[in-house]
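*Asks:* My structure is in final06.cif, and what it holds is mmCIF, C-alpha atoms and all ligand atoms:
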data_final
loop_
_atom_site.label_atom_id
_atom_site.label_comp_id
_atom_site.auth_asym_id
_atom_site.auth_seq_id
_atom_site.Cartn_x
_atom_site.Cartn_y
_atom_site.Cartn_z
CA MET A 1007 -17.82 0.00 14.43
CA SER A 1008 -17.98 -1.03 10.79
CA ARG A 1009 -16.31 1.40 8.38
CA LEU A 1010 -15.84 1.75 4.65
CA ALA A 1011 -12.26 0.69 3.81
CA VAL A 1012 -10.66 1.52 0.46
CA VAL A 1013 -7.66 -0.64 -0.51
CA PHE A 1014 -5.62 0.33 -3.56
CA GLY A 1015 -3.59 -2.60 -4.87
CA GLY A 1016 -6.08 -4.84 -3.07
CA SER A 1017 -6.36 -7.56 -5.70
CA ARG A 1018 -3.10 -9.38 -4.91
CA GLY A 1019 -0.32 -9.78 -2.35
CA ILE A 1020 -0.25 -7.50 0.68
CA GLY A 1021 -3.32 -5.47 -0.37
CA ARG A 1022 -5.36 -8.64 -0.78
CA ALA A 1023 -4.36 -9.83 2.70
CA VAL A 1024 -5.32 -6.41 4.12
CA SER A 1025 -8.70 -6.60 2.35
CA GLN A 1026 -9.31 -10.08 3.78
CA LEU A 1027 -8.50 -8.99 7.33
CA LEU A 1028 -10.64 -5.85 7.10
CA ALA A 1029 -13.59 -7.88 5.80
CA GLN A 1030 -13.14 -10.43 8.61
CA ARG A 1031 -13.34 -7.53 11.08
CA GLY A 1032 -16.73 -6.59 9.64
CA HIS A 1033 -15.68 -3.64 7.50
CA ARG A 1034 -17.02 -3.02 3.99
CA VAL A 1035 -14.10 -3.11 1.55
CA VAL A 1036 -13.56 -1.48 -1.84
CA VAL A 1037 -10.76 -3.34 -3.65
CA LEU A 1038 -8.97 -1.48 -6.46
CA SER A 1039 -6.33 -2.44 -9.01
CA ARG A 1040 -5.67 -1.86 -12.71
CA ASN A 1041 -7.12 -5.28 -13.52
CA LYS A 1042 -10.85 -4.91 -12.92
CA GLU A 1043 -11.63 -8.65 -13.04
CA ALA A 1044 -8.97 -9.38 -10.44
CA ALA A 1045 -10.28 -6.62 -8.14
CA GLN A 1046 -13.84 -7.90 -8.51
CA ALA A 1047 -12.77 -11.51 -7.94
CA THR A 1048 -10.99 -10.54 -4.71
CA ALA A 1049 -13.97 -8.46 -3.54
CA GLU A 1050 -16.31 -11.41 -4.20
CA SER A 1051 -14.04 -13.77 -2.27
CA LEU A 1052 -14.13 -11.65 0.90
CA HIS A 1053 -15.97 -12.58 4.07
CA GLY A 1054 -19.37 -10.86 4.29
CA GLU A 1055 -21.30 -8.95 1.66
CA LYS A 1056 -21.44 -5.65 -0.20
CA HIS A 1057 -17.73 -5.49 -1.03
CA LEU A 1058 -16.85 -3.82 -4.30
CA GLY A 1059 -14.08 -4.33 -6.88
CA LEU A 1060 -13.09 -1.43 -9.11
CA SER A 1061 -10.51 -0.71 -11.75
CA CYS A 1062 -8.12 2.18 -11.10
CA ASP A 1063 -4.59 3.02 -12.19
CA VAL A 1064 -3.28 5.14 -9.29
CA SER A 1065 -0.66 6.79 -11.49
CA LYS A 1066 -3.45 8.50 -13.47
CA GLU A 1067 -5.15 11.44 -11.77
CA GLU A 1068 -8.41 11.13 -13.73
CA ASN A 1069 -8.65 7.41 -12.81
CA VAL A 1070 -8.27 8.19 -9.11
CA GLN A 1071 -10.81 11.01 -9.27
CA LYS A 1072 -13.34 8.78 -11.04
CA ALA A 1073 -12.80 5.96 -8.52
CA PHE A 1074 -13.58 8.25 -5.57
CA GLU A 1075 -16.65 9.64 -7.35
CA THR A 1076 -17.94 6.08 -7.78
CA ILE A 1077 -17.09 5.20 -4.17
CA SER A 1078 -18.86 8.23 -2.71
CA LYS A 1079 -21.95 7.68 -4.90
CA THR A 1080 -22.30 3.96 -4.25
CA CYS A 1081 -20.73 3.37 -0.82
CA GLY A 1082 -20.60 6.65 1.14
CA THR A 1083 -17.93 8.06 3.44
CA VAL A 1084 -14.43 6.58 3.44
CA GLY A 1085 -13.23 5.61 6.95
CA TYR A 1086 -10.01 3.75 6.13
CA LEU A 1087 -7.59 4.11 3.22
CA VAL A 1088 -4.76 1.65 2.53
CA ASN A 1089 -2.26 2.35 -0.23
CA ALA A 1090 -0.76 -0.98 -1.26
CA ALA A 1091 -0.54 -0.40 -5.03
CA GLY A 1092 3.09 -0.56 -6.05
CA ILE A 1093 5.56 -1.77 -8.61
CA ASN A 1094 9.22 -2.64 -8.46
CA ARG A 1095 10.98 -2.90 -11.78
CA LEU A 1096 13.41 -5.64 -10.87
CA TYR A 1097 15.48 -5.00 -13.94
CA ILE A 1098 16.39 -1.50 -12.71
CA TYR A 1099 19.48 -2.93 -11.07
CA ILE A 1100 22.04 -0.38 -12.06
CA TYR A 1101 20.84 3.16 -11.53
CA ILE A 1102 23.00 4.71 -14.24
CA LEU A 1103 21.51 2.32 -16.81
CA SER A 1104 17.88 2.86 -15.76
CA LYS A 1105 15.51 4.03 -18.46
CA SER A 1106 13.66 7.29 -17.79
CA GLU A 1107 10.30 5.68 -18.57
CA ASP A 1108 10.90 3.00 -15.91
CA MET A 1109 11.96 5.60 -13.34
CA LEU A 1110 8.83 7.67 -14.01
CA SER A 1111 6.60 4.65 -13.91
CA VAL A 1112 7.94 3.63 -10.46
CA LEU A 1113 7.68 7.19 -9.09
CA HIS A 1114 4.22 7.78 -10.55
CA THR A 1115 2.82 4.53 -9.17
CA ASN A 1116 4.51 4.27 -5.77
CA LEU A 1117 4.72 7.93 -4.78
CA LEU A 1118 2.38 10.11 -6.83
CA GLY A 1119 -0.26 7.36 -6.80
CA SER A 1120 -0.53 7.38 -3.01
CA ILE A 1121 -0.44 11.18 -2.91
CA LEU A 1122 -3.41 11.28 -5.29
CA THR A 1123 -5.42 8.63 -3.45
CA CYS A 1124 -4.86 10.35 -0.09
CA ARG A 1125 -6.27 13.55 -1.54
CA GLY A 1126 -9.30 11.65 -2.86
CA ALA A 1127 -9.97 9.99 0.51
CA LEU A 1128 -9.38 13.15 2.55
CA ARG A 1129 -12.22 14.92 0.80
CA SER A 1130 -14.61 12.72 2.79
CA MET A 1131 -12.37 12.12 5.83
CA LEU A 1132 -11.93 15.84 6.59
CA SER A 1133 -15.45 16.10 7.95
CA HIS A 1134 -15.77 12.61 9.46
CA GLY A 1135 -12.25 11.60 10.58
CA GLY A 1136 -10.46 8.45 9.41
CA ALA A 1137 -7.19 6.57 9.18
CA ILE A 1138 -4.68 6.07 6.37
CA VAL A 1139 -1.88 3.52 6.07
CA ASN A 1140 0.63 3.85 3.25
CA ILE A 1141 2.83 0.87 2.38
CA GLY A 1142 6.44 1.95 2.13
CA SER A 1143 9.46 -0.34 2.31
CA VAL A 1144 12.46 -1.05 4.49
CA VAL A 1145 14.60 0.07 1.52
CA GLY A 1146 12.96 3.51 1.72
CA VAL A 1147 14.29 3.76 5.27
CA LYS A 1148 17.68 2.03 4.87
CA GLY A 1149 18.39 2.21 1.12
CA ASN A 1150 19.50 -0.72 -1.03
CA SER A 1151 22.04 -1.00 -3.78
CA GLY A 1152 20.28 -1.63 -7.08
CA GLN A 1153 17.00 -0.08 -5.94
CA CYS A 1154 17.76 3.65 -6.06
CA VAL A 1155 14.56 4.82 -7.73
CA TYR A 1156 12.29 2.37 -5.90
CA SER A 1157 13.91 3.47 -2.58
CA ALA A 1158 13.40 7.11 -3.53
CA SER A 1159 9.70 6.49 -4.18
CA LYS A 1160 9.30 4.84 -0.76
CA ALA A 1161 11.41 7.41 1.12
CA GLY A 1162 9.31 10.13 -0.51
CA LEU A 1163 6.18 8.36 0.69
CA GLU A 1164 7.56 8.36 4.23
CA GLY A 1165 8.10 12.14 4.13
CA PHE A 1166 4.64 12.63 2.67
CA THR A 1167 3.09 10.42 5.38
CA CYS A 1168 4.72 12.32 8.26
CA SER A 1169 3.84 15.75 6.83
CA LEU A 1170 0.26 14.77 6.09
CA ALA A 1171 -0.08 13.32 9.59
CA LYS A 1172 0.79 16.74 11.02
CA GLU A 1173 -1.45 18.59 8.60
CA VAL A 1174 -4.65 16.62 9.24
CA ALA A 1175 -4.22 15.66 12.90
CA THR A 1176 -6.70 18.27 14.11
CA ARG A 1177 -9.36 16.64 11.90
CA ASN A 1178 -9.07 13.34 13.77
CA ILE A 1179 -7.26 11.62 10.88
CA GLN A 1180 -4.25 9.36 11.53
CA VAL A 1181 -1.68 8.77 8.81
CA ASN A 1182 0.97 6.07 9.22
CA LEU A 1183 3.34 3.99 7.12
CA VAL A 1184 4.10 0.29 7.23
CA ALA A 1185 7.51 -0.57 5.81
CA PRO A 1186 7.77 -4.27 4.91
CA GLY A 1187 10.96 -6.22 4.26
CA PHE A 1188 10.92 -9.30 2.00
CA ILE A 1189 7.32 -10.54 1.76
CA ARG A 1190 6.20 -13.61 -0.22
CA THR A 1191 4.13 -12.08 -3.07
CA ASP A 1192 4.24 -11.82 -6.87
CA MET A 1193 6.63 -8.88 -6.45
CA THR A 1194 9.35 -11.05 -4.91
CA ALA A 1195 8.59 -14.20 -6.92
CA GLY A 1196 11.63 -13.73 -9.16
CA LEU A 1197 14.13 -13.08 -6.36
CA GLU A 1198 17.01 -15.36 -5.48
CA LYS A 1199 15.47 -16.48 -2.15
CA GLU A 1200 18.46 -18.14 -0.42
CA GLU A 1201 20.65 -15.07 -0.76
CA ALA A 1202 17.83 -12.80 0.54
CA VAL A 1203 16.98 -15.08 3.49
CA ARG A 1204 20.61 -15.05 4.68
CA ARG A 1205 20.19 -11.30 5.34
CA ILE A 1206 16.99 -11.64 7.42
CA PRO A 1207 17.55 -12.19 11.18
CA LEU A 1208 14.24 -14.13 11.53
CA GLY A 1209 15.49 -16.37 8.71
CA ARG A 1210 12.48 -16.31 6.38
CA PHE A 1211 10.33 -14.15 4.11
CA GLY A 1212 7.26 -12.59 5.71
CA GLU A 1213 3.71 -13.51 4.70
CA PRO A 1214 1.22 -10.91 3.37
CA ALA A 1215 -1.06 -11.67 6.35
CA GLU A 1216 1.74 -10.64 8.74
CA VAL A 1217 1.92 -7.21 7.09
CA ALA A 1218 -1.88 -6.97 7.11
CA GLN A 1219 -1.85 -7.47 10.90
CA ALA A 1220 0.38 -4.39 11.30
CA VAL A 1221 -1.81 -2.36 8.93
CA LEU A 1222 -4.93 -3.25 10.90
CA PHE A 1223 -3.21 -2.40 14.18
CA LEU A 1224 -2.40 1.11 12.92
CA LEU A 1225 -5.85 1.66 11.40
CA GLU A 1226 -7.42 0.79 14.74
CA SER A 1227 -5.01 2.82 16.93
CA PRO A 1228 -6.54 6.29 17.34
CA TYR A 1229 -3.56 7.74 19.23
CA ILE A 1230 -0.81 6.73 16.80
CA THR A 1231 0.01 9.02 13.88
CA GLY A 1232 3.07 9.87 11.77
CA GLN A 1233 4.73 6.52 12.58
CA VAL A 1234 6.83 4.24 10.41
CA LEU A 1235 6.36 0.60 11.43
CA LEU A 1236 8.90 -1.85 10.02
CA VAL A 1237 7.57 -5.36 9.35
CA ASP A 1238 10.77 -6.94 8.09
CA GLY A 1239 11.89 -9.86 10.25
CA GLY A 1240 14.68 -7.67 11.61
CA LEU A 1241 16.18 -6.86 8.20
CA GLN A 1242 16.82 -3.25 9.23
CA LEU A 1243 19.12 -4.49 12.01
CA ALA A 1244 21.26 -6.39 9.54
CA SER A 1245 21.61 -3.82 6.77
P1 LIG B 1 2.04 -7.41 -5.76
O1 LIG B 1 2.78 -7.26 -7.03
O2 LIG B 1 1.74 -8.75 -5.22
O3 LIG B 1 0.65 -6.59 -5.83
C1 LIG B 1 0.64 -5.28 -6.25
C2 LIG B 1 -0.77 -4.77 -6.26
O4 LIG B 1 -0.77 -3.41 -6.71
C3 LIG B 1 -1.68 -5.54 -7.21
O5 LIG B 1 -3.00 -5.55 -6.69
C4 LIG B 1 -1.62 -4.71 -8.48
O6 LIG B 1 -2.73 -4.98 -9.30
C5 LIG B 1 -1.60 -3.29 -7.87
N1 LIG B 1 -1.05 -2.25 -8.73
C6 LIG B 1 0.17 -2.19 -9.32
N2 LIG B 1 0.31 -1.07 -10.04
C7 LIG B 1 -0.85 -0.38 -9.89
C8 LIG B 1 -1.34 0.85 -10.39
N3 LIG B 1 -0.62 1.63 -11.21
N4 LIG B 1 -2.58 1.24 -10.03
C9 LIG B 1 -3.34 0.47 -9.21
N5 LIG B 1 -2.95 -0.70 -8.72
C10 LIG B 1 -1.72 -1.13 -9.06
O7 LIG B 1 2.89 -6.54 -4.71
P2 LIG B 1 3.00 -6.62 -3.13
O8 LIG B 1 1.72 -7.03 -2.53
O9 LIG B 1 4.23 -7.37 -2.81
O10 LIG B 1 3.29 -5.08 -2.81
C11 LIG B 1 2.33 -4.24 -2.18
C12 LIG B 1 3.05 -2.99 -1.72
O11 LIG B 1 4.04 -3.37 -0.75
C13 LIG B 1 3.81 -2.25 -2.82
O12 LIG B 1 3.71 -0.87 -2.60
C14 LIG B 1 5.25 -2.70 -2.64
O13 LIG B 1 6.15 -1.74 -3.11
C15 LIG B 1 5.31 -2.83 -1.12
N6 LIG B 1 6.37 -3.70 -0.64
C16 LIG B 1 6.40 -5.04 -0.99
C17 LIG B 1 7.42 -5.82 -0.52
C18 LIG B 1 7.52 -7.30 -0.83
O14 LIG B 1 8.53 -7.91 -0.45
N7 LIG B 1 6.55 -7.90 -1.48
C19 LIG B 1 8.49 -5.28 0.33
C20 LIG B 1 8.33 -3.88 0.64
C21 LIG B 1 7.31 -3.14 0.16
P3 LIG B 1 -2.72 -4.67 -10.91
O15 LIG B 1 -1.43 -5.20 -11.43
O16 LIG B 1 -3.94 -5.33 -11.44
O17 LIG B 1 -2.83 -3.19 -11.01
#
Before we go any further, please render this structure as structure tokens.
*Replies:*
Amino acid sequence: MSRLAVVFGGSRGIGRAVSQLLAQRGHRVVVLSRNKEAAQATAESLHGEKHLGLSCDVSKEENVQKAFETISKTCGTVGYLVNAAGINRLYIYIYILSKSEDMLSVLHTNLLGSILTCRGALRSMLSHGGAIVNIGSVVGVKGNSGQCVYSASKAGLEGFTCSLAKEVATRNIQVNLVAPGFIRTDMTAGLEKEEAVRRIPLGRFGEPAEVAQAVLFLLESPYITGQVLLVDGGLQLAS
């Protein structure tokens, strides 16, 4: 059955791969990111018709509210929500030296952003059912030196996901989290690759499409909720 899928952070990287896979499966996709042109360009590039690209900064409550108003007016009921919008300030290497504005920016985007978008989507899912996948991170599960605030945002998202899963289960809504390891996107473009690859048992970075596969699996699994699925080439075994 074709559903309306809303993908925050859908213009690039993992979110873009999720949007592509959802469109290939025959779903109508709303792609959102801060950059409106990029969101629209991705929506236009998707398989099939009637996809939509919108601008939305998930860290801003009024932006999220407006996006869902537009979605419900122009597209109808949300069936799937994917939260792939995220930032990682790579220069926050030493926690004690982190600037407050960078910490807040990471927390507001990665944690509060998904909390706000879930609320927006639930307003229509509560009466029709649906499925949500939040994108966390292996470092939210295992921690990583140099990524204290980023890890905190992702660990918080895991707690939120599990609690929400319990809270909305009776409404036929599944809420799960996919926790990627090192994936080849803009976010990891500046990383020292050789050093990172040495830590990954499968010996390579993952591709966005490989994360998208896991997201789709969870969206289409009606009896799985409150799960954390690591897509990390075994990184959690090594750390
Ligand atoms: P990219 O940097 O490639 O893409 C990030 C996406 O999020 C873009 O579409 C970007 O568009 C959007 N975005 C960023 N900030 C906001 C915001 N405030 N509001 C709305 N959209 C926003 O990142 P990835 O694809 O690599 O990451 C996707 C998710 O996966 C993130 O949550 C990240 O933390 C997580 N992750 C990634 C890993 C990796 O190795 N790549 C590993 C583990 C987790 P725009 O800039 O136009 O807003």
*Asks:* Could you list, as a PDB file with C-alpha atoms, in the coordinates of the input, all residues that come within 6 Å of ligand LIG 1 (chain B)? Count only C-alpha atoms and all ligand atoms.
*Replies:*
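Generated output (pocket26.pdb):
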ATOM      1  CA  PHE A1014      -5.620   0.330  -3.560  1.00  0.00           C
ATOM      2  CA  GLY A1015      -3.590  -2.600  -4.870  1.00  0.00           C
ATOM      3  CA  GLY A1016      -6.080  -4.840  -3.070  1.00  0.00           C
ATOM      4  CA  SER A1017      -6.360  -7.560  -5.700  1.00  0.00           C
ATOM      5  CA  ARG A1018      -3.100  -9.380  -4.910  1.00  0.00           C
ATOM      6  CA  GLY A1019      -0.320  -9.780  -2.350  1.00  0.00           C
ATOM      7  CA  ILE A1020      -0.250  -7.500   0.680  1.00  0.00           C
ATOM      8  CA  GLY A1021      -3.320  -5.470  -0.370  1.00  0.00           C
ATOM      9  CA  SER A1039      -6.330  -2.440  -9.010  1.00  0.00           C
ATOM     10  CA  ARG A1040      -5.670  -1.860 -12.710  1.00  0.00           C
ATOM     11  CA  ASN A1041      -7.120  -5.280 -13.520  1.00  0.00           C
ATOM     12  CA  CYS A1062      -8.120   2.180 -11.100  1.00  0.00           C
ATOM     13  CA  ASP A1063      -4.590   3.020 -12.190  1.00  0.00           C
ATOM     14  CA  VAL A1064      -3.280   5.140  -9.290  1.00  0.00           C
ATOM     15  CA  SER A1065      -0.660   6.790 -11.490  1.00  0.00           C
ATOM     16  CA  ALA A1090      -0.760  -0.980  -1.260  1.00  0.00           C
ATOM     17  CA  ALA A1091      -0.540  -0.400  -5.030  1.00  0.00           C
ATOM     18  CA  GLY A1092       3.090  -0.560  -6.050  1.00  0.00           C
ATOM     19  CA  ILE A1093       5.560  -1.770  -8.610  1.00  0.00           C
ATOM     20  CA  THR A1115       2.820   4.530  -9.170  1.00  0.00           C
ATOM     21  CA  ILE A1141       2.830   0.870   2.380  1.00  0.00           C
ATOM     22  CA  GLY A1142       6.440   1.950   2.130  1.00  0.00           C
ATOM     23  CA  SER A1143       9.460  -0.340   2.310  1.00  0.00           C
ATOM     24  CA  PRO A1186       7.770  -4.270   4.910  1.00  0.00           C
ATOM     25  CA  GLY A1187      10.960  -6.220   4.260  1.00  0.00           C
ATOM     26  CA  PHE A1188      10.920  -9.300   2.000  1.00  0.00           C
ATOM     27  CA  ILE A1189       7.320 -10.540   1.760  1.00  0.00           C
ATOM     28  CA  ARG A1190       6.200 -13.610  -0.220  1.00  0.00           C
ATOM     29  CA  THR A1191       4.130 -12.080  -3.070  1.00  0.00           C
ATOM     30  CA  ASP A1192       4.240 -11.820  -6.870  1.00  0.00           C
ATOM     31  CA  MET A1193       6.630  -8.880  -6.450  1.00  0.00           C
ATOM     32  CA  THR A1194       9.350 -11.050  -4.910  1.00  0.00           C
TER      33      THR A1194
END
*Asks:* With 6 Å on each side, where is the centre of the axis-aligned box around all listed atoms of segment 1174-1188 of chain A, and how long are its edges in Å to one decimal, as lines of an AutoDock Vina configuration file?
*Replies:*
center_x = 0.8
center_y = 4.5
center_z = 8.1
size_x = 32.3
size_y = 39.6
size_z = 24.1
*Asks:* Nearest residue to Ser1157 of chain A out of A:Val1012, A:Val1037, A:Cys1081, A:Leu1113, using only C-alpha atoms?
*Replies:*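 Among the listed residues, A:Leu1113 lies closest to Ser1157 of chain A.
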*Asks:* Atom CA of Ile1206 of chain A and atom CA of Asn1089 of chain A are how many Å apart?
*Replies:* 25.0 Å
*Asks:* From the set A:Leu1128, A:Ala1158, A:Val1144, A:Val1234, which residue has the shortest atom-to-atom contact distance to Met1109 of chain A, counting all atoms listed in the file?
*Replies:* A:Ala1158
*Asks:* Counting all atoms listed in the file, which residue out of A:Leu1010, A:Val1139, A:Leu1224, A:Leu1027 sits closest to Lys1056 of chain A?
*Replies:*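 Residue with the minimum atom-to-atom distance to Lys1056 of chain A: A:Leu1010.
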*Asks:* Calculated over all atoms listed in the file, which of the candidates A:Val1174, A:Val1155, A:Ala1049, A:Leu1110 has the smallest distance to Leu1132 of chain A?
*Replies:*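 Answer, going by the shortest atom-to-atom distance: A:Val1174.
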*Asks:* In Å, rounded to a single decimal, give me how far atom CA of Val1024 of chain A is from atom CA of Phe1211 of chain A.
*Replies:* 17.5 Å
*Asks:* How far is it from atom CA of Leu1103 of chain A to atom CA of Ser1151 of chain A, in Å with one decimal?
*Replies:*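 Calculated distance between atom CA of Leu1103 of chain A and atom CA of Ser1151 of chain A is 13.5 Å.
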*Asks:* Could you pull out every residue with an atom within 9 Å of (-9.4, 13.4, 6.1), file coordinates, counting all atoms listed in the file, and send them as a PDB file with C-alpha atoms, in the frame of the given file?
*Replies:*
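Listing of selection-v9.pdb after writing:
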ATOM      1  CA  VAL A1084     -14.430   6.580   3.440  1.00  0.00           C
ATOM      2  CA  GLY A1085     -13.230   5.610   6.950  1.00  0.00           C
ATOM      3  CA  CYS A1124      -4.860  10.350  -0.090  1.00  0.00           C
ATOM      4  CA  ARG A1125      -6.270  13.550  -1.540  1.00  0.00           C
ATOM      5  CA  ALA A1127      -9.970   9.990   0.510  1.00  0.00           C
ATOM      6  CA  LEU A1128      -9.380  13.150   2.550  1.00  0.00           C
ATOM      7  CA  ARG A1129     -12.220  14.920   0.800  1.00  0.00           C
ATOM      8  CA  SER A1130     -14.610  12.720   2.790  1.00  0.00           C
ATOM      9  CA  MET A1131     -12.370  12.120   5.830  1.00  0.00           C
ATOM     10  CA  LEU A1132     -11.930  15.840   6.590  1.00  0.00           C
ATOM     11  CA  SER A1133     -15.450  16.100   7.950  1.00  0.00           C
ATOM     12  CA  HIS A1134     -15.770  12.610   9.460  1.00  0.00           C
ATOM     13  CA  GLY A1135     -12.250  11.600  10.580  1.00  0.00           C
ATOM     14  CA  GLY A1136     -10.460   8.450   9.410  1.00  0.00           C
ATOM     15  CA  ALA A1137      -7.190   6.570   9.180  1.00  0.00           C
ATOM     16  CA  ILE A1138      -4.680   6.070   6.370  1.00  0.00           C
ATOM     17  CA  VAL A1174      -4.650  16.620   9.240  1.00  0.00           C
ATOM     18  CA  ALA A1175      -4.220  15.660  12.900  1.00  0.00           C
ATOM     19  CA  ARG A1177      -9.360  16.640  11.900  1.00  0.00           C
ATOM     20  CA  ASN A1178      -9.070  13.340  13.770  1.00  0.00           C
ATOM     21  CA  ILE A1179      -7.260  11.620  10.880  1.00  0.00           C
ATOM     22  CA  GLN A1180      -4.250   9.360  11.530  1.00  0.00           C
TER      23      GLN A1180
END
*Asks:* Pick from A:Ser1025, A:Ser1104, A:Thr1231, A:Gln1219: nearest to Asn1182 of chain A, with all atoms listed in the file counted?
*Replies:* A:Thr1231
*Asks:* Taking the point (6.9, 9.7, 1.7) as given in the file, collect each protein or nucleic acid residue that comes within 12 Å of it, counting only C-alpha atoms, and present the set as an MDAnalysis selection string.
*Replies:* chainID A and resid 1089 1113 1116:1121 1124 1139:1143 1146:1147 1156:1171 1181:1185 1232:1234
*Asks:* Taking only residues of segment 1109-1150 of chain A that have an atom at most 7 Å from an atom of segment 1066-1074 of chain A, what is each one's shortest atom pair and its distance in Å to one decimal, using only C-alpha atoms, in chain and number order, as CSV?
*Replies:*
residue,atom,partner,partner_atom,distance
A:Leu1122,CA,A:Glu1067,CA,6.7
A:Thr1123,CA,A:Val1070,CA,6.4
A:Gly1126,CA,A:Phe1074,CA,6.1
*Asks:* Go through A:Arg1034, A:Lys1172, A:His1053, A:Lys1105 one by one, measure the shortest atom-to-atom distance of each to Ile1077 of chain A using all atoms listed in the file, and give the residue with the smallest value.
*Replies:*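 When distances to Ile1077 of chain A are compared using all atoms listed in the file, the smallest one comes from A:Arg1034.
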